[in-house]
>>> print(open('my_file.cif').read())   # mmCIF, C-alpha atoms and all ligand atoms
data_start
loop_
_atom_site.label_atom_id
_atom_site.label_comp_id
_atom_site.auth_asym_id
_atom_site.auth_seq_id
_atom_site.Cartn_x
_atom_site.Cartn_y
_atom_site.Cartn_z
CA MET A 1 13.41 16.83 -13.97
CA ALA A 2 12.36 20.21 -12.48
CA GLU A 3 10.44 20.92 -15.67
CA GLN A 4 8.63 17.60 -15.42
CA THR A 5 7.72 18.17 -11.74
CA ASP A 6 6.26 21.61 -12.53
CA LYS A 7 4.23 20.23 -15.38
CA TRP A 8 2.70 17.54 -13.19
CA THR A 9 2.15 19.39 -9.92
CA SER A 10 0.53 22.38 -11.64
CA ALA A 11 -1.97 19.99 -13.21
CA ILE A 12 -4.06 19.23 -10.10
CA ASP A 13 -7.65 19.86 -11.16
CA THR A 14 -10.05 20.26 -8.23
CA THR A 15 -13.09 20.88 -10.42
CA ARG A 16 -13.43 17.26 -11.55
CA PRO A 17 -13.01 13.97 -9.69
CA SER A 18 -9.74 12.14 -10.29
CA ILE A 19 -9.37 8.37 -10.28
CA ALA A 20 -6.53 8.46 -7.74
CA ARG A 21 -8.30 10.85 -5.36
CA ALA A 22 -11.67 9.05 -5.59
CA TYR A 23 -9.84 5.82 -4.70
CA ASP A 24 -8.24 7.67 -1.80
CA VAL A 25 -11.76 8.56 -0.56
CA VAL A 26 -12.85 4.91 -0.45
CA LEU A 27 -9.60 3.99 1.31
CA HIS A 28 -10.44 6.58 4.00
CA GLY A 29 -7.47 8.74 2.94
CA LYS A 30 -7.10 12.50 3.29
CA ASP A 31 -5.72 13.38 -0.15
CA ASN A 32 -9.00 14.22 -1.83
CA PHE A 33 -11.34 17.12 -2.54
CA GLU A 34 -15.08 17.73 -2.26
CA VAL A 35 -15.57 16.86 -5.93
CA ASP A 36 -14.03 13.39 -5.31
CA ARG A 37 -16.19 12.79 -2.23
CA ALA A 38 -19.31 13.84 -4.17
CA PHE A 39 -18.45 11.29 -6.89
CA VAL A 40 -18.03 8.50 -4.33
CA ALA A 41 -21.33 9.49 -2.69
CA GLU A 42 -23.04 8.90 -6.05
CA ILE A 43 -21.42 5.46 -6.43
CA THR A 44 -22.40 4.58 -2.86
CA LYS A 45 -26.07 5.00 -3.87
CA VAL A 46 -25.64 2.06 -6.26
CA VAL A 47 -23.01 0.01 -4.42
CA PRO A 48 -23.13 0.87 -0.70
CA GLU A 49 -20.21 -1.54 -0.16
CA ILE A 50 -17.82 0.44 -2.38
CA TYR A 51 -15.53 1.19 0.59
CA ASP A 52 -15.28 -2.56 1.29
CA VAL A 53 -14.51 -3.17 -2.40
CA ALA A 54 -11.46 -0.92 -2.13
CA ALA A 55 -10.35 -2.85 0.96
CA TYR A 56 -10.76 -6.19 -0.89
CA ASN A 57 -8.59 -4.79 -3.67
CA ARG A 58 -5.84 -3.64 -1.30
CA GLN A 59 -5.92 -6.98 0.54
CA MET A 60 -5.62 -8.80 -2.81
CA LEU A 61 -2.68 -6.55 -3.74
CA GLY A 62 -0.93 -7.60 -0.52
CA ARG A 63 -1.66 -11.32 -0.97
CA GLY A 64 -0.61 -11.18 -4.61
CA VAL A 65 2.68 -9.37 -3.98
CA ARG A 66 3.58 -11.77 -1.15
CA PHE A 67 2.76 -14.67 -3.49
CA LEU A 68 5.03 -13.23 -6.19
CA VAL A 69 7.96 -12.77 -3.81
CA ASP A 70 7.44 -16.37 -2.67
CA GLN A 71 7.77 -17.37 -6.35
CA GLY A 72 11.14 -15.59 -6.46
CA VAL A 73 9.89 -12.42 -8.18
CA THR A 74 11.54 -9.49 -6.43
CA GLN A 75 11.19 -6.67 -8.96
CA PHE A 76 7.91 -4.99 -9.73
CA LEU A 77 6.45 -2.59 -12.24
CA ASP A 78 3.37 -1.24 -10.46
CA LEU A 79 1.35 0.45 -13.21
CA GLY A 80 -1.40 2.80 -12.02
CA SER A 81 -0.04 2.54 -8.50
CA GLY A 82 -2.27 5.14 -6.81
CA LEU A 83 -1.62 7.44 -3.87
CA PRO A 84 0.53 6.01 -1.10
CA THR A 85 -1.60 4.28 1.52
CA VAL A 86 -0.82 1.51 3.98
CA GLN A 87 0.93 -1.66 2.82
CA ASN A 88 2.17 -0.32 -0.49
CA THR A 89 3.80 -2.74 -2.92
CA HIS A 90 7.39 -1.97 -1.85
CA GLN A 91 6.52 -2.32 1.84
CA VAL A 92 4.84 -5.70 1.31
CA ALA A 93 7.60 -7.00 -0.98
CA GLN A 94 10.53 -5.66 1.08
CA GLU A 95 9.04 -7.15 4.24
CA VAL A 96 9.41 -10.59 2.64
CA ASP A 97 12.64 -9.83 0.74
CA PRO A 98 14.36 -6.52 1.59
CA ALA A 99 16.19 -6.59 -1.76
CA SER A 100 12.90 -6.19 -3.67
CA ARG A 101 12.73 -3.31 -6.14
CA VAL A 102 9.59 -1.44 -7.16
CA VAL A 103 8.90 1.20 -9.80
CA TYR A 104 5.56 2.91 -9.34
CA VAL A 105 3.95 4.51 -12.39
CA ASP A 106 1.03 6.90 -12.21
CA ASN A 107 -0.18 9.93 -14.14
CA ASP A 108 -1.92 11.75 -11.27
CA PRO A 109 0.04 14.81 -10.04
CA MET A 110 -0.94 14.15 -6.40
CA VAL A 111 0.59 10.67 -6.62
CA LEU A 112 3.86 12.13 -7.81
CA ALA A 113 4.09 14.63 -4.95
CA HIS A 114 3.22 12.15 -2.20
CA GLY A 115 5.10 9.25 -3.76
CA ARG A 116 8.36 11.20 -3.93
CA ALA A 117 8.07 12.14 -0.24
CA LEU A 118 7.35 8.55 0.83
CA LEU A 119 10.15 7.07 -1.21
CA ALA A 120 12.82 9.69 -0.60
CA GLU A 121 14.80 7.36 1.62
CA ASN A 122 14.22 4.09 -0.21
CA GLU A 123 16.81 3.61 -2.91
CA ARG A 124 15.25 0.41 -4.25
CA THR A 125 11.98 2.18 -5.10
CA ALA A 126 11.04 4.95 -7.53
CA VAL A 127 7.95 6.73 -8.75
CA VAL A 128 7.57 7.65 -12.40
CA ALA A 129 5.06 10.29 -13.47
CA SER A 130 3.94 8.89 -16.78
CA ASP A 131 1.03 7.56 -18.72
CA LEU A 132 1.00 3.77 -18.65
CA ARG A 133 -0.67 3.75 -22.07
CA ASP A 134 2.78 4.41 -23.52
CA PRO A 135 4.70 1.21 -22.64
CA ALA A 136 7.69 2.15 -24.81
CA ALA A 137 8.20 5.40 -22.86
CA ILE A 138 7.76 3.67 -19.48
CA LEU A 139 10.19 0.89 -20.36
CA ALA A 140 12.75 3.43 -21.57
CA ASP A 141 12.41 5.56 -18.42
CA LYS A 142 15.64 6.06 -16.47
CA ALA A 143 14.17 4.76 -13.19
CA VAL A 144 12.91 1.59 -14.87
CA GLN A 145 16.25 1.05 -16.60
CA GLU A 146 18.13 1.52 -13.31
CA LEU A 147 15.91 -0.52 -10.98
CA ILE A 148 14.43 -3.26 -13.16
CA ASP A 149 16.63 -5.94 -14.72
CA LEU A 150 14.67 -7.04 -17.78
CA ASP A 151 16.71 -10.24 -17.98
CA ARG A 152 15.15 -11.46 -14.72
CA PRO A 153 11.43 -12.17 -14.03
CA VAL A 154 9.35 -9.08 -13.33
CA GLY A 155 6.00 -8.74 -11.56
CA VAL A 156 3.83 -6.60 -13.85
CA LEU A 157 1.04 -5.13 -11.74
CA LEU A 158 -2.09 -3.72 -13.37
CA VAL A 159 -4.15 -3.66 -10.21
CA GLY A 160 -7.41 -1.71 -10.30
CA ILE A 161 -6.46 0.17 -13.44
CA LEU A 162 -7.35 -1.61 -16.70
CA HIS A 163 -11.05 -0.78 -16.25
CA HIS A 164 -10.02 2.87 -16.57
CA LEU A 165 -8.85 2.20 -20.14
CA HIS A 166 -11.47 2.36 -22.87
CA ASP A 167 -11.62 -0.41 -25.48
CA ASP A 168 -10.41 1.98 -28.20
CA GLU A 169 -7.23 2.62 -26.18
CA ASP A 170 -6.24 -1.00 -26.84
CA PRO A 171 -5.76 -2.24 -23.25
CA GLN A 172 -4.97 -5.73 -24.59
CA GLY A 173 -2.17 -4.36 -26.77
CA ILE A 174 -0.82 -2.34 -23.83
CA VAL A 175 -0.72 -5.43 -21.57
CA GLU A 176 0.97 -7.41 -24.35
CA ALA A 177 3.60 -4.69 -24.88
CA TYR A 178 4.65 -4.87 -21.22
CA MET A 179 4.63 -8.66 -21.18
CA ALA A 180 6.68 -8.79 -24.41
CA ALA A 181 9.41 -6.75 -22.67
CA VAL A 182 9.81 -9.08 -19.68
CA PRO A 183 11.32 -12.59 -19.70
CA SER A 184 9.69 -15.97 -19.26
CA GLY A 185 8.82 -16.58 -15.59
CA SER A 186 7.53 -13.01 -15.20
CA HIS A 187 4.08 -12.66 -13.66
CA LEU A 188 1.08 -10.60 -14.70
CA PHE A 189 -1.20 -9.49 -11.85
CA ILE A 190 -4.58 -7.93 -12.70
CA THR A 191 -7.64 -6.87 -10.72
CA HIS A 192 -10.59 -5.40 -12.60
CA PHE A 193 -14.19 -4.19 -12.19
CA CYS A 194 -16.47 -6.96 -13.41
CA ASP A 195 -19.84 -6.97 -15.13
CA SER A 196 -21.18 -9.32 -12.46
CA SER A 197 -24.57 -7.91 -11.38
CA PRO A 198 -27.27 -5.35 -12.30
CA GLU A 199 -25.65 -3.06 -9.71
CA SER A 200 -22.27 -3.32 -11.44
CA ARG A 201 -23.88 -2.28 -14.73
CA GLU A 202 -25.50 0.70 -13.01
CA ALA A 203 -22.18 1.59 -11.36
CA GLU A 204 -20.48 1.44 -14.78
CA GLN A 205 -22.91 4.04 -16.12
CA LYS A 206 -22.15 6.34 -13.17
CA TYR A 207 -18.38 5.92 -13.54
CA LEU A 208 -18.56 6.74 -17.25
CA ALA A 209 -20.89 9.71 -16.76
CA LEU A 210 -19.14 11.27 -13.75
CA LEU A 211 -15.49 10.16 -13.96
CA GLY A 212 -15.21 9.56 -17.69
CA THR A 213 -13.77 6.05 -17.34
CA GLY A 214 -14.92 2.73 -15.91
CA ARG A 215 -15.39 -0.27 -18.17
CA PHE A 216 -16.83 -3.19 -16.18
CA ARG A 217 -15.67 -6.15 -18.30
CA THR A 218 -16.96 -9.72 -18.29
CA VAL A 219 -14.96 -12.54 -16.70
CA ALA A 220 -14.09 -13.74 -20.23
CA GLU A 221 -12.81 -10.29 -21.20
CA ILE A 222 -10.72 -10.01 -18.03
CA THR A 223 -9.34 -13.53 -18.56
CA ALA A 224 -8.37 -12.62 -22.15
CA PHE A 225 -5.84 -10.07 -20.81
CA PHE A 226 -3.76 -13.05 -19.61
CA HIS A 227 -3.34 -14.35 -23.17
CA GLY A 228 0.06 -16.05 -23.58
CA CYS A 229 0.42 -16.65 -19.82
CA ASP A 230 -0.62 -19.55 -17.58
CA LEU A 231 -3.02 -18.57 -14.81
CA VAL A 232 -2.08 -19.80 -11.36
CA GLU A 233 -4.80 -21.34 -9.21
CA PRO A 234 -7.59 -20.40 -8.63
CA GLY A 235 -7.65 -18.45 -11.93
CA VAL A 236 -9.70 -15.30 -12.44
CA VAL A 237 -12.10 -15.09 -9.49
CA PRO A 238 -13.88 -12.55 -7.25
CA LEU A 239 -11.13 -10.94 -5.16
CA PRO A 240 -12.11 -12.45 -1.78
CA LEU A 241 -11.79 -15.93 -3.36
CA TRP A 242 -8.20 -15.50 -4.58
CA ARG A 243 -6.08 -17.53 -2.14
CA PRO A 244 -8.02 -16.17 0.89
CA GLU A 245 -6.27 -15.99 4.23
CA THR A 246 -9.54 -15.79 6.16
CA ALA A 247 -12.84 -17.71 5.89
CA VAL A 248 -15.03 -16.72 2.93
CA PRO A 249 -18.88 -16.85 3.06
CA GLU A 250 -20.48 -19.35 0.66
CA GLU A 251 -22.57 -16.70 -1.04
CA LEU A 252 -20.81 -13.50 -2.09
CA THR A 253 -22.41 -10.05 -1.93
CA VAL A 254 -22.59 -7.62 -4.86
CA GLY A 255 -19.52 -5.82 -3.47
CA GLN A 256 -17.54 -9.04 -3.06
CA ARG A 257 -18.23 -9.83 -6.75
CA LEU A 258 -17.62 -6.30 -8.06
CA MET A 259 -13.94 -6.91 -8.81
CA PHE A 260 -12.26 -10.02 -10.19
CA GLY A 261 -8.57 -10.72 -10.33
CA GLY A 262 -5.86 -13.23 -11.07
CA ILE A 263 -2.15 -13.83 -11.52
CA ALA A 264 -0.49 -15.63 -14.42
CA VAL A 265 3.05 -16.66 -15.38
CA LYS A 266 4.63 -15.84 -18.73
CA ARG A 267 5.62 -19.05 -20.55
N1 LIG B 1 -3.06 0.01 -8.13
C1 LIG B 1 -3.55 0.68 -6.94
C2 LIG B 1 -4.42 -0.25 -6.17
O1 LIG B 1 -5.02 -1.14 -6.78
O2 LIG B 1 -4.55 -0.11 -4.95
C3 LIG B 1 -4.29 1.97 -7.29
C4 LIG B 1 -5.50 1.81 -8.14
S1 LIG B 1 -6.30 3.36 -8.50
C5 LIG B 1 -7.96 2.84 -8.61
C6 LIG B 1 -5.86 3.59 -10.22
C7 LIG B 1 -4.64 4.50 -10.40
O3 LIG B 1 -4.28 4.49 -11.79
C8 LIG B 1 -4.88 5.95 -10.03
O4 LIG B 1 -3.90 6.37 -9.12
C9 LIG B 1 -4.76 6.72 -11.34
O5 LIG B 1 -4.19 8.00 -11.17
C10 LIG B 1 -3.89 5.81 -12.15
N2 LIG B 1 -4.07 5.95 -13.60
C11 LIG B 1 -5.22 6.06 -14.29
N3 LIG B 1 -4.99 6.16 -15.60
C12 LIG B 1 -3.63 6.12 -15.74
C13 LIG B 1 -2.75 6.19 -16.86
N4 LIG B 1 -3.23 6.31 -18.10
N5 LIG B 1 -1.42 6.13 -16.63
C14 LIG B 1 -0.93 6.02 -15.37
N6 LIG B 1 -1.71 5.94 -14.28
C15 LIG B 1 -3.04 5.99 -14.46
#
>>> encode(input="my_file.cif", output="structure tokens")
Amino acid sequence: MAEQTDKWTSAIDTTRPSIARAYDVVLHGKDNFEVDRAFVAEITKVVPEIYDVAAYNRQMLGRGVRFLVDQGVTQFLDLGSGLPTVQNTHQVAQEVDPASRVVYVDNDPMVLAHGRALLAENERTAVVASDLRDPAAILADKAVQELIDLDRPVGVLLVGILHHLHDDEDPQGIVEAYMAAVPSGSHLFITHFCDSSPESREAEQKYLALLGTGRFRTVAEITAFFHGCDLVEPGVVPLPLWRPETAVPEELTVGQRLMFGGIAVKR
């Protein structure tokens, strides 16, 4: 374990923006460097609402997790979980059902350091420093084996992450590998950057050029990730329209349409 920690914490690269730290910038966090803030400043030129987009995503994460616990799902695999912020998955889930268990998976060394500190006193939650593109390794991980009962429904969270996988990394196959490992009644929860406006296409170019990832998929492509599962209402929609808890304007802005999401149940 010590060896693994050294490997990950020595890997913090402050010369290039990281996905986790750039996301921390738009969530008004403090765990980021100048290079991450410079990247976000470039995106802001195309989508001035990018800070709001991050908030829509976090609000959707909260609504989605509460929905899943209401469905009786109390164990979660949060893949690409990000740096700890407010209302993290385990806090939302354990507020509704204190017995809820969460395994966070992320490959950013900063996430590992902060995640361990946050979770030190929560025995129903763990953070795994691994690459989610290797489902077999994640599923075989000790923390997953100990906390997640694969005979009971699991909430598989791929929130704000699949757009960071290129097509040639087989994101569809990766989603299917996780869903094949969990039983019927498990839920798949995805949010994703969407090719929904000229601004989103321009943002995609900036993400690819400056961050190296960022594939803004069509609604059809995002929906295809749910293959083999039944989408719950209202399906794959702009985030503010997924079971909103507050009034939604009739016409959505570019930022409100920048990410789409949905939740589906495994048959
Ligand atoms: N899921 C959180 C949310 O929606 O609020 C965080 C989303 S953040 C935009 C994406 C996270 O995925 C980052 O923390 C990044 O480090 C992580 N990530 C990116 N590629 C990954 C990979 N191949 N394996 C594991 N984590 C990855």
>>> residues_near_ligand(input="my_file.cif", ligand="ligand LIG 1 (chain B)", cutoff="7 Å", atoms="all atoms listed in the file", output="PDB file with C-alpha atoms, in the coordinates of the input")
ATOM      1  CA  SER A  18      -9.740  12.140 -10.290  1.00  0.00           C
ATOM      2  CA  ILE A  19      -9.370   8.370 -10.280  1.00  0.00           C
ATOM      3  CA  ALA A  20      -6.530   8.460  -7.740  1.00  0.00           C
ATOM      4  CA  TYR A  23      -9.840   5.820  -4.700  1.00  0.00           C
ATOM      5  CA  ASN A  57      -8.590  -4.790  -3.670  1.00  0.00           C
ATOM      6  CA  ARG A  58      -5.840  -3.640  -1.300  1.00  0.00           C
ATOM      7  CA  LEU A  61      -2.680  -6.550  -3.740  1.00  0.00           C
ATOM      8  CA  ASP A  78       3.370  -1.240 -10.460  1.00  0.00           C
ATOM      9  CA  LEU A  79       1.350   0.450 -13.210  1.00  0.00           C
ATOM     10  CA  GLY A  80      -1.400   2.800 -12.020  1.00  0.00           C
ATOM     11  CA  SER A  81      -0.040   2.540  -8.500  1.00  0.00           C
ATOM     12  CA  GLY A  82      -2.270   5.140  -6.810  1.00  0.00           C
ATOM     13  CA  LEU A  83      -1.620   7.440  -3.870  1.00  0.00           C
ATOM     14  CA  VAL A 105       3.950   4.510 -12.390  1.00  0.00           C
ATOM     15  CA  ASP A 106       1.030   6.900 -12.210  1.00  0.00           C
ATOM     16  CA  ASN A 107      -0.180   9.930 -14.140  1.00  0.00           C
ATOM     17  CA  ASP A 108      -1.920  11.750 -11.270  1.00  0.00           C
ATOM     18  CA  VAL A 111       0.590  10.670  -6.620  1.00  0.00           C
ATOM     19  CA  SER A 130       3.940   8.890 -16.780  1.00  0.00           C
ATOM     20  CA  ASP A 131       1.030   7.560 -18.720  1.00  0.00           C
ATOM     21  CA  LEU A 132       1.000   3.770 -18.650  1.00  0.00           C
ATOM     22  CA  ARG A 133      -0.670   3.750 -22.070  1.00  0.00           C
ATOM     23  CA  LEU A 158      -2.090  -3.720 -13.370  1.00  0.00           C
ATOM     24  CA  VAL A 159      -4.150  -3.660 -10.210  1.00  0.00           C
ATOM     25  CA  GLY A 160      -7.410  -1.710 -10.300  1.00  0.00           C
ATOM     26  CA  ILE A 161      -6.460   0.170 -13.440  1.00  0.00           C
ATOM     27  CA  HIS A 164     -10.020   2.870 -16.570  1.00  0.00           C
TER      28      HIS A 164
END
>>> atom_distance(input="my_file.cif", atom1="atom CA of Gly212 of chain A", atom2="atom CA of Arg116 of chain A")
27.3 Å
>>> residues_around(input="my_file.cif", residues="segment 171-187 of chain A", least_positions_apart="2", cutoff="10 Å", atoms="all atoms listed in the file", output="CSV table (one decimal) with C-alpha atoms, keeping the file's coordinate frame")
chain,number,residue,atom,x,y,z
A,68,LEU,CA,5.0,-13.2,-6.2
A,71,GLN,CA,7.8,-17.4,-6.4
A,72,GLY,CA,11.1,-15.6,-6.5
A,73,VAL,CA,9.9,-12.4,-8.2
A,75,GLN,CA,11.2,-6.7,-9.0
A,76,PHE,CA,7.9,-5.0,-9.7
A,77,LEU,CA,6.4,-2.6,-12.2
A,132,LEU,CA,1.0,3.8,-18.6
A,133,ARG,CA,-0.7,3.8,-22.1
A,134,ASP,CA,2.8,4.4,-23.5
A,135,PRO,CA,4.7,1.2,-22.6
A,136,ALA,CA,7.7,2.2,-24.8
A,138,ILE,CA,7.8,3.7,-19.5
A,139,LEU,CA,10.2,0.9,-20.4
A,148,ILE,CA,14.4,-3.3,-13.2
A,149,ASP,CA,16.6,-5.9,-14.7
A,150,LEU,CA,14.7,-7.0,-17.8
A,151,ASP,CA,16.7,-10.2,-18.0
A,152,ARG,CA,15.2,-11.5,-14.7
A,153,PRO,CA,11.4,-12.2,-14.0
A,154,VAL,CA,9.4,-9.1,-13.3
A,155,GLY,CA,6.0,-8.7,-11.6
A,156,VAL,CA,3.8,-6.6,-13.8
A,157,LEU,CA,1.0,-5.1,-11.7
A,158,LEU,CA,-2.1,-3.7,-13.4
A,162,LEU,CA,-7.4,-1.6,-16.7
A,163,HIS,CA,-11.0,-0.8,-16.2
A,164,HIS,CA,-10.0,2.9,-16.6
A,165,LEU,CA,-8.8,2.2,-20.1
A,166,HIS,CA,-11.5,2.4,-22.9
A,167,ASP,CA,-11.6,-0.4,-25.5
A,168,ASP,CA,-10.4,2.0,-28.2
A,169,GLU,CA,-7.2,2.6,-26.2
A,189,PHE,CA,-1.2,-9.5,-11.8
A,190,ILE,CA,-4.6,-7.9,-12.7
A,221,GLU,CA,-12.8,-10.3,-21.2
A,222,ILE,CA,-10.7,-10.0,-18.0
A,224,ALA,CA,-8.4,-12.6,-22.2
A,225,PHE,CA,-5.8,-10.1,-20.8
A,226,PHE,CA,-3.8,-13.0,-19.6
A,227,HIS,CA,-3.3,-14.4,-23.2
A,228,GLY,CA,0.1,-16.0,-23.6
A,229,CYS,CA,0.4,-16.6,-19.8
A,230,ASP,CA,-0.6,-19.6,-17.6
A,231,LEU,CA,-3.0,-18.6,-14.8
A,232,VAL,CA,-2.1,-19.8,-11.4
A,263,ILE,CA,-2.2,-13.8,-11.5
A,264,ALA,CA,-0.5,-15.6,-14.4
A,265,VAL,CA,3.0,-16.7,-15.4
A,266,LYS,CA,4.6,-15.8,-18.7
A,267,ARG,CA,5.6,-19.0,-20.6
>>> closest_residue(input="my_file.cif", among="A:Thr223, A:Thr125, A:Gln145, A:Gln87", to="Gly235 of chain A", atoms="only C-alpha atoms")
A:Thr223
>>> closest_residue(input="my_file.cif", among="A:Met259, A:Ala247, A:Ala41, A:Ile12", to="Val26 of chain A", atoms="only C-alpha atoms")
A:Ala41
>>> atom_distance(input="my_file.cif", atom1="atom CA of Val236 of chain A", atom2="atom CA of Thr213 of chain A")
22.3 Å
>>> atom_distance(input="my_file.cif", atom1="atom CA of Asp70 of chain A", atom2="atom CA of Ala55 of chain A")
22.6 Å
>>> closest_residue(input="my_file.cif", among="A:Glu202, A:Glu245, A:Glu233, A:Asp97", to="Lys45 of chain A", atoms="all atoms listed in the file")
A:Glu202
>>> closest_residue(input="my_file.cif", among="A:Ala22, A:Val69, A:Leu27, A:Ala113", to="Ala93 of chain A", atoms="all atoms listed in the file")
A:Val69
>>> closest_residue(input="my_file.cif", among="A:Pro244, A:Gly29, A:Pro17, A:Pro234", to="Pro84 of chain A", atoms="all atoms listed in the file")
A:Gly29
>>> closest_residue(input="my_file.cif", among="A:Gly262, A:Asp24, A:Val96, A:Val103", to="Leu188 of chain A", atoms="only C-alpha atoms")
A:Gly262
>>> axis_aligned_box(input="my_file.cif", around="segment 128-141 of chain A", padding_each_side="8 Å", output="lines of an AutoDock Vina configuration file")
center_x = 6.0
center_y = 5.6
center_z = -18.6
size_x = 29.4
size_y = 25.4
size_z = 28.4
>>> decode(input="my_file.cif", residues="segment 81-92 of chain A", atoms="N, CA and C atoms", output="mmCIF file, in the first residue's frame")
data_model
loop_
_atom_site.group_PDB
_atom_site.id
_atom_site.type_symbol
_atom_site.label_atom_id
_atom_site.label_comp_id
_atom_site.auth_asym_id
_atom_site.auth_seq_id
_atom_site.Cartn_x
_atom_site.Cartn_y
_atom_site.Cartn_z
ATOM 1 N N SER A 81 -14.458 9.897 -9.506
ATOM 2 C CA SER A 81 -15.238 10.567 -8.449
ATOM 3 C C SER A 81 -14.848 12.010 -8.225
ATOM 4 N N GLY A 82 -13.604 12.387 -8.582
ATOM 5 C CA GLY A 82 -13.168 13.775 -8.411
ATOM 6 C C GLY A 82 -12.672 14.066 -7.003
ATOM 7 N N LEU A 83 -12.182 15.294 -6.834
ATOM 8 C CA LEU A 83 -11.720 15.762 -5.527
ATOM 9 C C LEU A 83 -12.905 15.933 -4.603
ATOM 10 N N PRO A 84 -12.702 15.678 -3.316
ATOM 11 C CA PRO A 84 -13.816 15.884 -2.386
ATOM 12 C C PRO A 84 -14.286 17.337 -2.433
ATOM 13 N N THR A 85 -15.592 17.515 -2.458
ATOM 14 C CA THR A 85 -16.170 18.852 -2.431
ATOM 15 C C THR A 85 -17.332 18.782 -1.439
ATOM 16 N N VAL A 86 -18.340 19.621 -1.611
ATOM 17 C CA VAL A 86 -19.485 19.482 -0.706
ATOM 18 C C VAL A 86 -20.448 18.445 -1.285
ATOM 19 N N GLN A 87 -21.223 17.821 -0.417
ATOM 20 C CA GLN A 87 -22.238 16.865 -0.833
ATOM 21 C C GLN A 87 -21.663 15.775 -1.753
ATOM 22 N N ASN A 88 -20.645 15.099 -1.228
ATOM 23 C CA ASN A 88 -20.081 13.968 -1.956
ATOM 24 C C ASN A 88 -21.055 12.788 -1.879
ATOM 25 N N THR A 89 -20.844 11.821 -2.775
ATOM 26 C CA THR A 89 -21.788 10.705 -2.891
ATOM 27 C C THR A 89 -22.090 10.050 -1.543
ATOM 28 N N HIS A 90 -21.045 9.775 -0.732
ATOM 29 C CA HIS A 90 -21.314 9.058 0.528
ATOM 30 C C HIS A 90 -22.111 9.929 1.501
ATOM 31 N N GLN A 91 -21.870 11.252 1.442
ATOM 32 C CA GLN A 91 -22.615 12.135 2.357
ATOM 33 C C GLN A 91 -24.091 12.185 1.976
ATOM 34 N N VAL A 92 -24.355 12.287 0.660
ATOM 35 C CA VAL A 92 -25.745 12.331 0.183
ATOM 36 C C VAL A 92 -26.438 11.003 0.515
#
